[in-house]
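Structure data follow from coords34.txt (compact mmCIF, C-alpha atoms):
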# COMPACT_ATOMS: atom_id res chain seq x y z
CA MET A 1 46.21 66.39 87.01
CA PRO A 2 46.08 62.72 86.23
CA ARG A 3 42.81 61.35 85.15
CA ILE A 4 41.35 58.15 86.43
CA VAL A 5 40.28 55.42 84.15
CA SER A 6 37.39 53.32 85.27
CA VAL A 7 37.32 50.37 82.97
CA LYS A 8 37.19 46.75 83.81
CA ARG A 9 40.29 44.84 83.05
CA LYS A 10 39.46 41.66 81.23
CA LEU A 11 42.29 39.27 80.72
CA HIS A 12 40.44 37.02 78.32
CA HIS A 13 40.91 39.45 75.47
CA ILE A 14 44.65 39.33 75.44
CA GLU A 15 44.62 38.25 71.82
CA GLU A 16 43.57 41.80 70.97
CA SER A 17 46.44 43.32 72.82
CA CYS A 18 48.04 46.52 71.56
CA GLY A 19 51.39 44.86 71.22
CA SER A 20 53.07 47.41 73.42
CA PRO A 21 52.02 48.31 76.89
CA THR A 22 50.54 51.71 77.67
CA ILE A 23 51.08 53.67 80.84
CA VAL A 24 48.05 53.76 83.05
CA LEU A 25 47.54 55.86 86.12
CA ASP A 26 45.46 54.44 88.86
CA GLU A 27 43.42 56.51 91.26
CA PHE A 28 46.51 57.24 93.29
CA GLY A 29 48.45 58.55 90.35
CA SER A 30 50.97 55.76 90.31
CA GLU A 31 52.08 54.40 87.00
CA ARG A 32 51.43 50.85 86.02
CA TRP A 33 51.91 48.99 82.80
CA HIS A 34 48.78 47.46 81.39
CA GLN A 35 48.49 45.22 78.38
CA ASP A 36 44.82 44.90 77.80
CA PHE A 37 41.52 46.49 78.67
CA LYS A 38 38.08 46.07 77.34
CA LEU A 39 35.20 48.45 77.51
CA HIS A 40 32.08 48.80 75.48
CA HIS A 41 31.69 51.85 73.38
CA PHE A 42 29.80 52.37 70.14
CA ALA A 43 29.06 48.66 70.13
CA SER A 44 32.72 47.89 69.61
CA GLN A 45 35.41 46.56 71.85
CA TYR A 46 38.09 49.00 72.85
CA ARG A 47 41.15 48.86 74.99
CA CYS A 48 41.50 51.99 77.00
CA ALA A 49 44.31 53.63 78.83
CA THR A 50 44.54 56.86 80.75
CA LEU A 51 47.68 58.67 79.88
CA PRO A 52 49.86 60.54 82.27
CA GLY A 53 49.72 64.06 83.52
CA SER A 54 48.91 67.34 81.94
CA THR A 55 52.36 68.53 81.04
CA ALA A 56 54.48 65.73 79.68
CA ASP A 57 53.93 64.40 76.20
CA THR A 58 53.64 60.70 75.74
CA ALA A 59 54.18 58.96 72.47
CA SER A 60 51.77 56.14 71.86
CA PRO A 61 52.81 52.96 70.07
CA ASP A 62 51.73 54.26 66.68
CA GLY A 63 53.25 57.66 67.09
CA VAL A 64 50.32 59.77 68.25
CA LYS A 65 51.53 62.36 70.72
CA LEU A 66 49.08 62.70 73.51
CA GLN A 67 48.79 65.33 76.15
CA SER A 68 46.60 64.52 79.06
CA ILE A 69 44.06 62.76 76.95
CA HIS A 70 42.56 59.33 76.91
CA ARG A 71 43.22 56.97 74.09
CA CYS A 72 41.46 53.72 73.38
CA MET A 73 42.54 51.12 70.89
CA GLY A 74 39.64 49.65 68.97
CA SER A 75 39.53 46.10 67.78
CA ASP A 76 37.97 47.10 64.47
CA GLY A 77 40.89 49.01 63.01
CA TYR A 78 40.19 52.30 64.75
CA TYR A 79 41.41 54.03 67.87
CA THR A 80 39.61 56.64 69.91
CA VAL A 81 41.00 59.76 71.51
CA TYR A 82 39.26 61.72 74.23
CA PRO A 83 40.79 65.22 74.29
CA ARG A 84 39.38 66.06 77.74
CA GLY A 85 39.35 62.58 79.16
CA ARG A 86 36.89 59.79 78.69
CA GLY A 87 34.69 60.97 81.52
CA ALA A 88 34.21 64.35 79.91
CA SER A 89 33.43 62.74 76.60
CA ALA A 90 30.89 60.30 77.98
CA GLY A 91 29.12 62.60 80.42
CA PRO A 92 25.81 64.29 79.77
CA ALA A 93 25.88 67.36 77.58
CA PRO A 94 24.17 70.53 78.82
CA TYR A 95 20.51 71.07 78.07
CA GLY A 96 19.94 72.26 74.55
CA TYR A 97 23.00 70.58 73.11
CA ALA A 98 22.84 68.13 70.23
CA ARG A 99 25.32 65.49 69.18
CA VAL A 100 26.83 65.93 65.76
CA LEU A 101 29.85 64.58 63.97
CA ARG A 102 32.30 65.57 61.36
CA TRP A 103 34.82 63.74 59.20
CA ALA A 104 38.13 65.50 59.19
CA SER A 105 41.62 65.22 57.83
CA PRO A 106 44.33 64.24 60.32
CA GLU A 107 45.51 67.85 60.25
CA GLU A 108 42.09 69.17 61.18
CA ALA A 109 41.71 66.52 63.86
CA GLY A 110 45.01 67.74 65.28
CA ALA A 111 43.48 71.19 65.68
CA TRP A 112 40.60 69.65 67.64
CA LEU A 113 43.15 67.99 69.88
CA ARG A 114 45.23 71.10 70.37
CA ASN A 115 42.36 73.10 71.81
CA SER A 116 41.52 70.19 74.09
CA GLY A 117 38.06 69.80 72.64
CA THR A 118 36.72 72.90 74.34
CA ALA A 119 35.51 74.73 71.24
CA ILE A 120 35.34 74.33 67.50
CA PRO A 121 38.81 75.25 66.25
CA SER A 122 39.01 78.52 64.40
CA GLY A 123 39.37 78.49 60.66
CA MET A 124 37.61 75.18 60.15
CA GLY A 125 35.34 75.14 57.13
CA GLY A 126 35.85 78.80 56.32
CA ASP A 127 32.73 80.60 57.44
CA ARG A 128 30.60 77.47 57.38
CA LEU A 129 31.39 74.26 59.21
CA TYR A 130 29.44 71.27 57.96
CA VAL A 131 28.49 68.60 60.45
CA ALA A 132 26.32 65.52 60.21
CA LEU A 133 23.73 64.04 62.48
CA PRO A 134 24.49 60.66 64.05
CA GLY A 135 23.88 57.85 61.60
CA ALA A 136 24.68 59.87 58.50
CA ARG A 137 26.83 58.31 55.80
CA GLN A 138 30.32 59.66 55.35
CA PRO A 139 30.14 62.32 52.63
CA GLY A 140 32.51 62.35 49.66
CA GLY A 141 35.74 64.27 49.89
CA THR A 142 35.96 64.11 53.65
CA GLY A 143 38.89 62.92 55.73
CA PRO A 144 39.21 59.61 57.55
CA VAL A 145 39.03 60.94 61.11
CA ARG A 146 35.63 61.18 62.75
CA VAL A 147 35.05 63.91 65.33
CA ASP A 148 31.95 63.56 67.49
CA PHE A 149 30.89 66.44 69.70
CA ALA A 150 27.91 68.17 71.24
CA VAL A 151 27.06 71.71 70.22
CA PRO A 152 24.12 74.00 71.04
CA GLU A 153 21.17 73.07 68.87
CA SER A 154 20.60 76.74 68.21
CA ALA A 155 23.89 76.85 66.31
CA LEU A 156 22.80 74.19 63.85
CA MET A 157 21.26 75.37 60.61
CA GLN A 158 19.43 73.24 58.07
CA THR A 159 21.14 72.26 54.83
CA ALA A 160 19.98 70.77 51.57
CA LYS A 161 20.71 67.33 53.02
CA ALA A 162 18.42 66.32 55.82
CA GLU A 163 21.19 64.53 57.70
CA TRP A 164 23.59 67.45 57.59
CA ARG A 165 23.73 70.73 59.47
CA VAL A 166 25.92 73.78 59.09
CA ILE A 167 27.46 75.90 61.83
CA MET A 168 28.25 79.48 60.97
CA GLN A 169 31.75 80.49 62.02
CA PRO A 170 33.25 82.04 64.07
CA ILE A 171 31.82 80.26 67.06
CA GLN A 172 34.91 79.85 69.20
CA SER A 173 33.28 81.53 72.20
CA THR A 174 30.66 78.78 72.37
CA PRO A 175 31.78 75.77 74.39
CA ILE A 176 31.36 72.31 72.96
CA HIS A 177 31.18 69.06 74.90
CA ASN A 178 31.66 65.32 74.62
CA VAL A 179 34.40 65.45 72.04
CA ILE A 180 35.44 62.03 70.80
CA ILE A 181 37.94 61.57 67.99
CA THR A 182 38.01 58.26 66.16
CA ALA A 183 40.84 57.62 63.72
CA PRO A 184 41.89 54.61 61.68
CA ASN A 185 44.87 52.76 63.06
CA GLY A 186 48.00 54.01 61.38
CA VAL A 187 46.68 57.56 60.94
CA THR A 188 48.71 59.93 63.06
CA LEU A 189 47.06 62.96 64.54
CA PRO A 190 49.41 65.92 64.73
CA ASN A 191 49.33 67.39 68.20
CA ASP A 192 52.25 69.75 68.25
CA LYS A 193 51.67 72.88 70.24
CA MET B 1 19.78 61.44 30.74
CA THR B 2 16.97 63.87 30.18
CA ASN B 3 16.18 66.01 27.16
CA ASP B 4 16.18 69.08 29.32
CA THR B 5 18.75 71.68 28.41
CA SER B 6 19.46 72.73 31.96
CA VAL B 7 20.36 71.09 35.23
CA ILE B 8 19.42 71.64 38.83
CA VAL B 9 22.37 73.04 40.74
CA THR B 10 22.92 73.43 44.42
CA SER B 11 24.51 76.47 45.97
CA GLU B 12 25.84 74.32 48.82
CA PHE B 13 29.24 73.60 47.34
CA GLY B 14 27.87 72.26 44.10
CA LEU B 15 29.93 71.28 41.07
CA ILE B 16 28.87 71.57 37.45
CA VAL B 17 30.75 69.55 34.84
CA ARG B 18 30.65 70.01 31.08
CA ARG B 19 29.88 66.63 29.55
CA LYS B 20 31.95 67.13 26.40
CA ALA B 21 34.99 67.77 28.57
CA LEU B 22 34.86 64.16 29.70
CA VAL B 23 35.28 63.04 26.10
CA GLU B 24 37.89 65.66 25.33
CA ARG B 25 39.97 64.74 28.37
CA GLN B 26 39.23 61.03 28.06
CA VAL B 27 37.71 60.80 31.50
CA GLU B 28 35.35 57.91 32.12
CA LEU B 29 32.07 58.71 33.78
CA ARG B 30 32.72 56.05 36.41
CA ASP B 31 36.01 57.74 37.28
CA LEU B 32 34.17 61.01 37.69
CA PHE B 33 31.67 59.37 40.01
CA ALA B 34 34.48 57.69 41.94
CA ALA B 35 36.21 61.04 42.39
CA MET B 36 32.95 62.51 43.66
CA GLU B 37 32.34 59.46 45.87
CA VAL B 38 28.76 59.27 44.68
CA GLU B 39 26.67 56.70 42.88
CA GLU B 40 24.55 59.23 41.07
CA ARG B 41 24.66 62.86 40.12
CA LEU B 42 22.35 65.53 41.38
CA ASP B 43 21.10 66.20 37.86
CA GLY B 44 22.17 65.88 34.26
CA CYS B 45 21.27 66.96 30.74
CA ASP B 46 22.83 66.46 27.34
CA ASP B 47 25.59 68.93 28.03
CA LEU B 48 25.98 69.30 31.77
CA LEU B 49 26.26 67.22 34.91
CA SER B 50 25.52 68.61 38.34
CA PHE B 51 26.85 67.27 41.65
CA GLY B 52 26.39 68.16 45.28
CA PRO B 53 25.75 69.38 47.83
CA HIS B 54 29.19 68.70 49.25
CA PHE B 55 30.24 68.61 52.88
CA GLY B 56 31.79 72.05 53.13
CA ARG B 57 34.81 73.79 51.72
CA GLU B 58 37.39 71.15 52.64
CA ALA B 59 35.43 68.35 50.99
CA LEU B 60 34.85 70.41 47.88
CA ASN B 61 38.53 71.30 47.62
CA THR B 62 39.44 67.63 47.92
CA ILE B 63 37.06 66.71 45.12
CA ILE B 64 38.26 69.56 42.90
CA SER B 65 41.79 68.31 43.43
CA ARG B 66 40.71 64.83 42.33
CA LEU B 67 39.00 66.17 39.21
CA THR B 68 42.13 68.09 38.32
CA LYS B 69 44.17 64.92 38.71
CA LEU B 70 41.79 63.21 36.31
CA GLY B 71 42.78 65.80 33.75
CA LEU B 72 39.80 68.13 33.96
CA VAL B 73 40.54 71.84 33.99
CA TYR B 74 38.83 74.10 36.46
CA PHE B 75 36.61 76.70 34.82
CA ASP B 76 37.01 75.28 31.31
CA ASP B 77 35.58 71.88 32.19
CA PHE B 78 33.92 72.30 35.56
CA PHE B 79 33.36 74.87 38.25
CA GLU B 80 31.99 75.20 41.74
CA PHE B 81 28.75 76.92 42.56
CA CYS B 82 28.31 78.04 46.13
CA GLY B 83 27.05 80.99 48.05
CA ASP B 84 24.62 82.15 50.67
CA TYR B 85 21.20 81.97 49.13
CA PRO B 86 17.85 81.38 50.77
CA SER B 87 16.54 77.85 50.48
CA TRP B 88 13.37 79.10 48.78
CA CYS B 89 15.39 80.08 45.73
CA ALA B 90 16.27 77.20 43.40
CA PHE B 91 18.91 77.47 40.71
CA ARG B 92 19.36 75.82 37.36
CA GLY B 93 22.38 75.84 35.10
CA GLY B 94 22.13 75.93 31.32
CA TYR B 95 24.67 75.23 28.64
CA ASN B 96 25.70 77.97 26.24
CA PRO B 97 27.35 76.34 23.22
CA SER B 98 28.40 79.59 21.62
CA THR B 99 31.00 80.20 24.30
CA SER B 100 32.16 76.62 24.64
CA THR B 101 35.90 76.01 24.83

Would it be possible to restate this file's structure as structure tokens?
Amino acid sequence: MPRIVSVKRKLHHIEESCGSPTIVLDEFGSERWHQDFKLHHFASQYRCATLPGSTADTASPDGVKLQSIHRCMGSDGYYTVYPRGRGASAGPAPYGYARVLRWASPEEAGAWLRNSGTAIPSGMGGDRLYVALPGARQPGGTGPVRVDFAVPESALMQTAKAEWRVIMQPIQSTPIHNVIITAPNGVTLPNDK
Amino acid sequence: MTNDTSVIVTSEFGLIVRRKALVERQVELRDLFAAMEVEERLDGCDDLLSFGPHFGREALNTIISRLTKLGLVYFDDFFEFCGDYPSWCAFRGGYNPSTST
């Protein structure tokens, strides 16, 4: 099922163009080639494209294989991936959910992509998955890919650091929401099924 | 540096480093801090340095790998300290020179 992108096309930011066009589906599902979009997100400028249907893989200009996900190119050296579509990532989380984030390796981020951002992937962090509250500094030893998501507050346990929380695994039966993956340009997220 | 003979350690993926190992392996303190991605340690005494908490198993493994690349040897020169302990219990690590490598 193609997803609809609802961003305003702004032609005056062509200087930030991706370099290669991305396929965009409009509300009727027809493919068009777009060079440049701008939307505001996390106080940065992003170009955003909705990628085609749920079955066919599409290779993005820098090699990320995407399957029915949204991908936005950031102007600050990062790109953003929405595993369940931008609408699902930006919508309100259920009552009792809290936003947290995690810095992951590209391999781990690939696992978040593969399960379409519906649950915390199994095997992450052993029996304890560390997450940080919004605004926390990136901890040492962590990967370059940032994964933002919403998880039930009741699953978050205090840690020695006030800005961190830990989630006891396994928790795969608990749905998560609003998954947003932000990776540096040039970092490829493995997404092989 | 303090005159205390023990260091505070954290059970949340903490690392304890033997100070003399840095000299023996010719590892600069700044390189150790760079590997840990910190500007200061959790605690230190004449013989030990304590770091942490770290952001989970993956982060700790990454840092251990960096320390190994610096030339430090796991167990002989440093080790991890982690486990499920209640937050009301604090731990300290002391140096035992009689069993030093």

**Request:** Can you work out which one of A:Gly126, A:Ala109, A:Gln138, A:Thr159 has the shortest atom-to-atom distance to Ser11 (chain B), counting only C-alpha atoms?
**Result:**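 Checking each of A:Gly126, A:Ala109, A:Gln138, A:Thr159 against Ser11 (chain B), counting only C-alpha atoms, the winner is A:Thr159.
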
**Request:** Using all atoms listed in the file, select each residue of chain A with any atom at most 10 Å away from an atom of chain B, and give the selection as a ChimeraX atom specification.
**Result:** /A:102-105,108,124-132,138-143,158-161,164-166

Store the residues picked out above in a file with C-alpha atoms, as a PDB file, in the frame of the given file.
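The resulting file, result-v6.pdb, is shown below:
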ATOM      1  CA  ARG A 102      32.300  65.570  61.360  1.00  0.00           C
ATOM      2  CA  TRP A 103      34.820  63.740  59.200  1.00  0.00           C
ATOM      3  CA  ALA A 104      38.130  65.500  59.190  1.00  0.00           C
ATOM      4  CA  SER A 105      41.620  65.220  57.830  1.00  0.00           C
ATOM      5  CA  GLU A 108      42.090  69.170  61.180  1.00  0.00           C
ATOM      6  CA  MET A 124      37.610  75.180  60.150  1.00  0.00           C
ATOM      7  CA  GLY A 125      35.340  75.140  57.130  1.00  0.00           C
ATOM      8  CA  GLY A 126      35.850  78.800  56.320  1.00  0.00           C
ATOM      9  CA  ASP A 127      32.730  80.600  57.440  1.00  0.00           C
ATOM     10  CA  ARG A 128      30.600  77.470  57.380  1.00  0.00           C
ATOM     11  CA  LEU A 129      31.390  74.260  59.210  1.00  0.00           C
ATOM     12  CA  TYR A 130      29.440  71.270  57.960  1.00  0.00           C
ATOM     13  CA  VAL A 131      28.490  68.600  60.450  1.00  0.00           C
ATOM     14  CA  ALA A 132      26.320  65.520  60.210  1.00  0.00           C
ATOM     15  CA  GLN A 138      30.320  59.660  55.350  1.00  0.00           C
ATOM     16  CA  PRO A 139      30.140  62.320  52.630  1.00  0.00           C
ATOM     17  CA  GLY A 140      32.510  62.350  49.660  1.00  0.00           C
ATOM     18  CA  GLY A 141      35.740  64.270  49.890  1.00  0.00           C
ATOM     19  CA  THR A 142      35.960  64.110  53.650  1.00  0.00           C
ATOM     20  CA  GLY A 143      38.890  62.920  55.730  1.00  0.00           C
ATOM     21  CA  GLN A 158      19.430  73.240  58.070  1.00  0.00           C
ATOM     22  CA  THR A 159      21.140  72.260  54.830  1.00  0.00           C
ATOM     23  CA  ALA A 160      19.980  70.770  51.570  1.00  0.00           C
ATOM     24  CA  LYS A 161      20.710  67.330  53.020  1.00  0.00           C
ATOM     25  CA  TRP A 164      23.590  67.450  57.590  1.00  0.00           C
ATOM     26  CA  ARG A 165      23.730  70.730  59.470  1.00  0.00           C
ATOM     27  CA  VAL A 166      25.920  73.780  59.090  1.00  0.00           C
TER      28      VAL A 166
END

**Asked** How many Å lie between CA of Tyr95 (chain A) and CA of Ile181 (chain A), rounded to one decimal?
**Response** 22.3 Å

**Request:** To one decimal in Å, tell me the separation between CA of Phe149 (chain A) and CA of Ala183 (chain A).
**Result:**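 Atom-to-atom, CA of Phe149 (chain A) and CA of Ala183 (chain A) are spaced 14.6 Å apart.
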
**Message:** List the spatial neighbours of Thr182 (chain A) as an MDAnalysis selection string - criterion: any atom at most 12 Å away, all atoms listed in the file, same-chain residues fewer than 6 positions off excluded.
**Reply:** chainID A and resid 41:42 46 70:74 76:83 101:106 109:110 112:113 143:149 188:189

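When all atoms listed in the file are used to compute distances to Thr99 (chain B), the closest of the residues B:Asp76, B:Thr5, B:Phe81, B:Leu49 turns out to be B:Asp76.
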
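Nearest residue to Glu153 (chain A), choosing from A:Thr174, A:Asn185, A:Ser122, A:Asn191 and counting all atoms listed in the file: A:Thr174.
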
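Non-sequential neighbours of Val17 (chain B) (distance at most 10 Å, separation of 6 or more positions within a chain, only C-alpha atoms) are Leu32, Gly44, Asp47, Leu48, Leu49, Ser50, Phe51, Leu67, Leu72, Tyr74, Phe75, Asp76, Asp77, Phe78, Phe79 and Glu80 of chain B.
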
Written file, previous selection with C-alpha atoms, as an mmCIF file, keeping the file's coordinate frame:
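The result, stored in out-v4.cif:
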data_model
loop_
_atom_site.group_PDB
_atom_site.id
_atom_site.type_symbol
_atom_site.label_atom_id
_atom_site.label_comp_id
_atom_site.auth_asym_id
_atom_site.auth_seq_id
_atom_site.Cartn_x
_atom_site.Cartn_y
_atom_site.Cartn_z
ATOM 1 C CA LEU B 32 34.170 61.010 37.690
ATOM 2 C CA GLY B 44 22.170 65.880 34.260
ATOM 3 C CA ASP B 47 25.590 68.930 28.030
ATOM 4 C CA LEU B 48 25.980 69.300 31.770
ATOM 5 C CA LEU B 49 26.260 67.220 34.910
ATOM 6 C CA SER B 50 25.520 68.610 38.340
ATOM 7 C CA PHE B 51 26.850 67.270 41.650
ATOM 8 C CA LEU B 67 39.000 66.170 39.210
ATOM 9 C CA LEU B 72 39.800 68.130 33.960
ATOM 10 C CA TYR B 74 38.830 74.100 36.460
ATOM 11 C CA PHE B 75 36.610 76.700 34.820
ATOM 12 C CA ASP B 76 37.010 75.280 31.310
ATOM 13 C CA ASP B 77 35.580 71.880 32.190
ATOM 14 C CA PHE B 78 33.920 72.300 35.560
ATOM 15 C CA PHE B 79 33.360 74.870 38.250
ATOM 16 C CA GLU B 80 31.990 75.200 41.740
#

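Remark: for Pro175 (chain A), the closest of the candidate residues A:Ala162, A:Val187, A:Met157, A:Ala93 is A:Ala93 (distances computed over only C-alpha atoms).
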
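One distance worth recording is that between CA of Asp43 (chain B) and CA of Val9 (chain B), which is 7.5 Å.
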
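Among A:Ala150, A:Gly186, A:Leu156, A:Leu133, the residue with the shortest atom-to-atom distance to Ala98 (chain A), counting only C-alpha atoms, is A:Ala150.
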
Using all atoms of region 58-63 of chain B listed in the file and a margin of 8 Å per side, can you give the axis-aligned box centre and edge lengths in Å to one decimal, as JSON?
{"center_x": 37.1, "center_y": 69.0, "center_z": 48.9, "size_x": 20.6, "size_y": 20.6, "size_z": 23.5}

Non-local contacts of Ser6 (chain B) (8 Å; all atoms listed in the file; under 2 positions in same chain excluded) as a PDB file with C-alpha atoms, keeping the file's coordinate frame:
ATOM      1  CA  ASP B   4      16.180  69.080  29.320  1.00  0.00           C
ATOM      2  CA  ILE B   8      19.420  71.640  38.830  1.00  0.00           C
ATOM      3  CA  GLY B  44      22.170  65.880  34.260  1.00  0.00           C
ATOM      4  CA  CYS B  45      21.270  66.960  30.740  1.00  0.00           C
ATOM      5  CA  LEU B  48      25.980  69.300  31.770  1.00  0.00           C
ATOM      6  CA  ARG B  92      19.360  75.820  37.360  1.00  0.00           C
ATOM      7  CA  GLY B  93      22.380  75.840  35.100  1.00  0.00           C
ATOM      8  CA  GLY B  94      22.130  75.930  31.320  1.00  0.00           C
ATOM      9  CA  TYR B  95      24.670  75.230  28.640  1.00  0.00           C
TER      10      TYR B  95
END

**Asked** Which one of A:Pro152, A:Gly117, A:Pro190, A:Gly96 sits closest to Asn178 (chain A) if you count only C-alpha atoms?
**Response**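 Under the stated criterion, the closest residue is A:Gly117.
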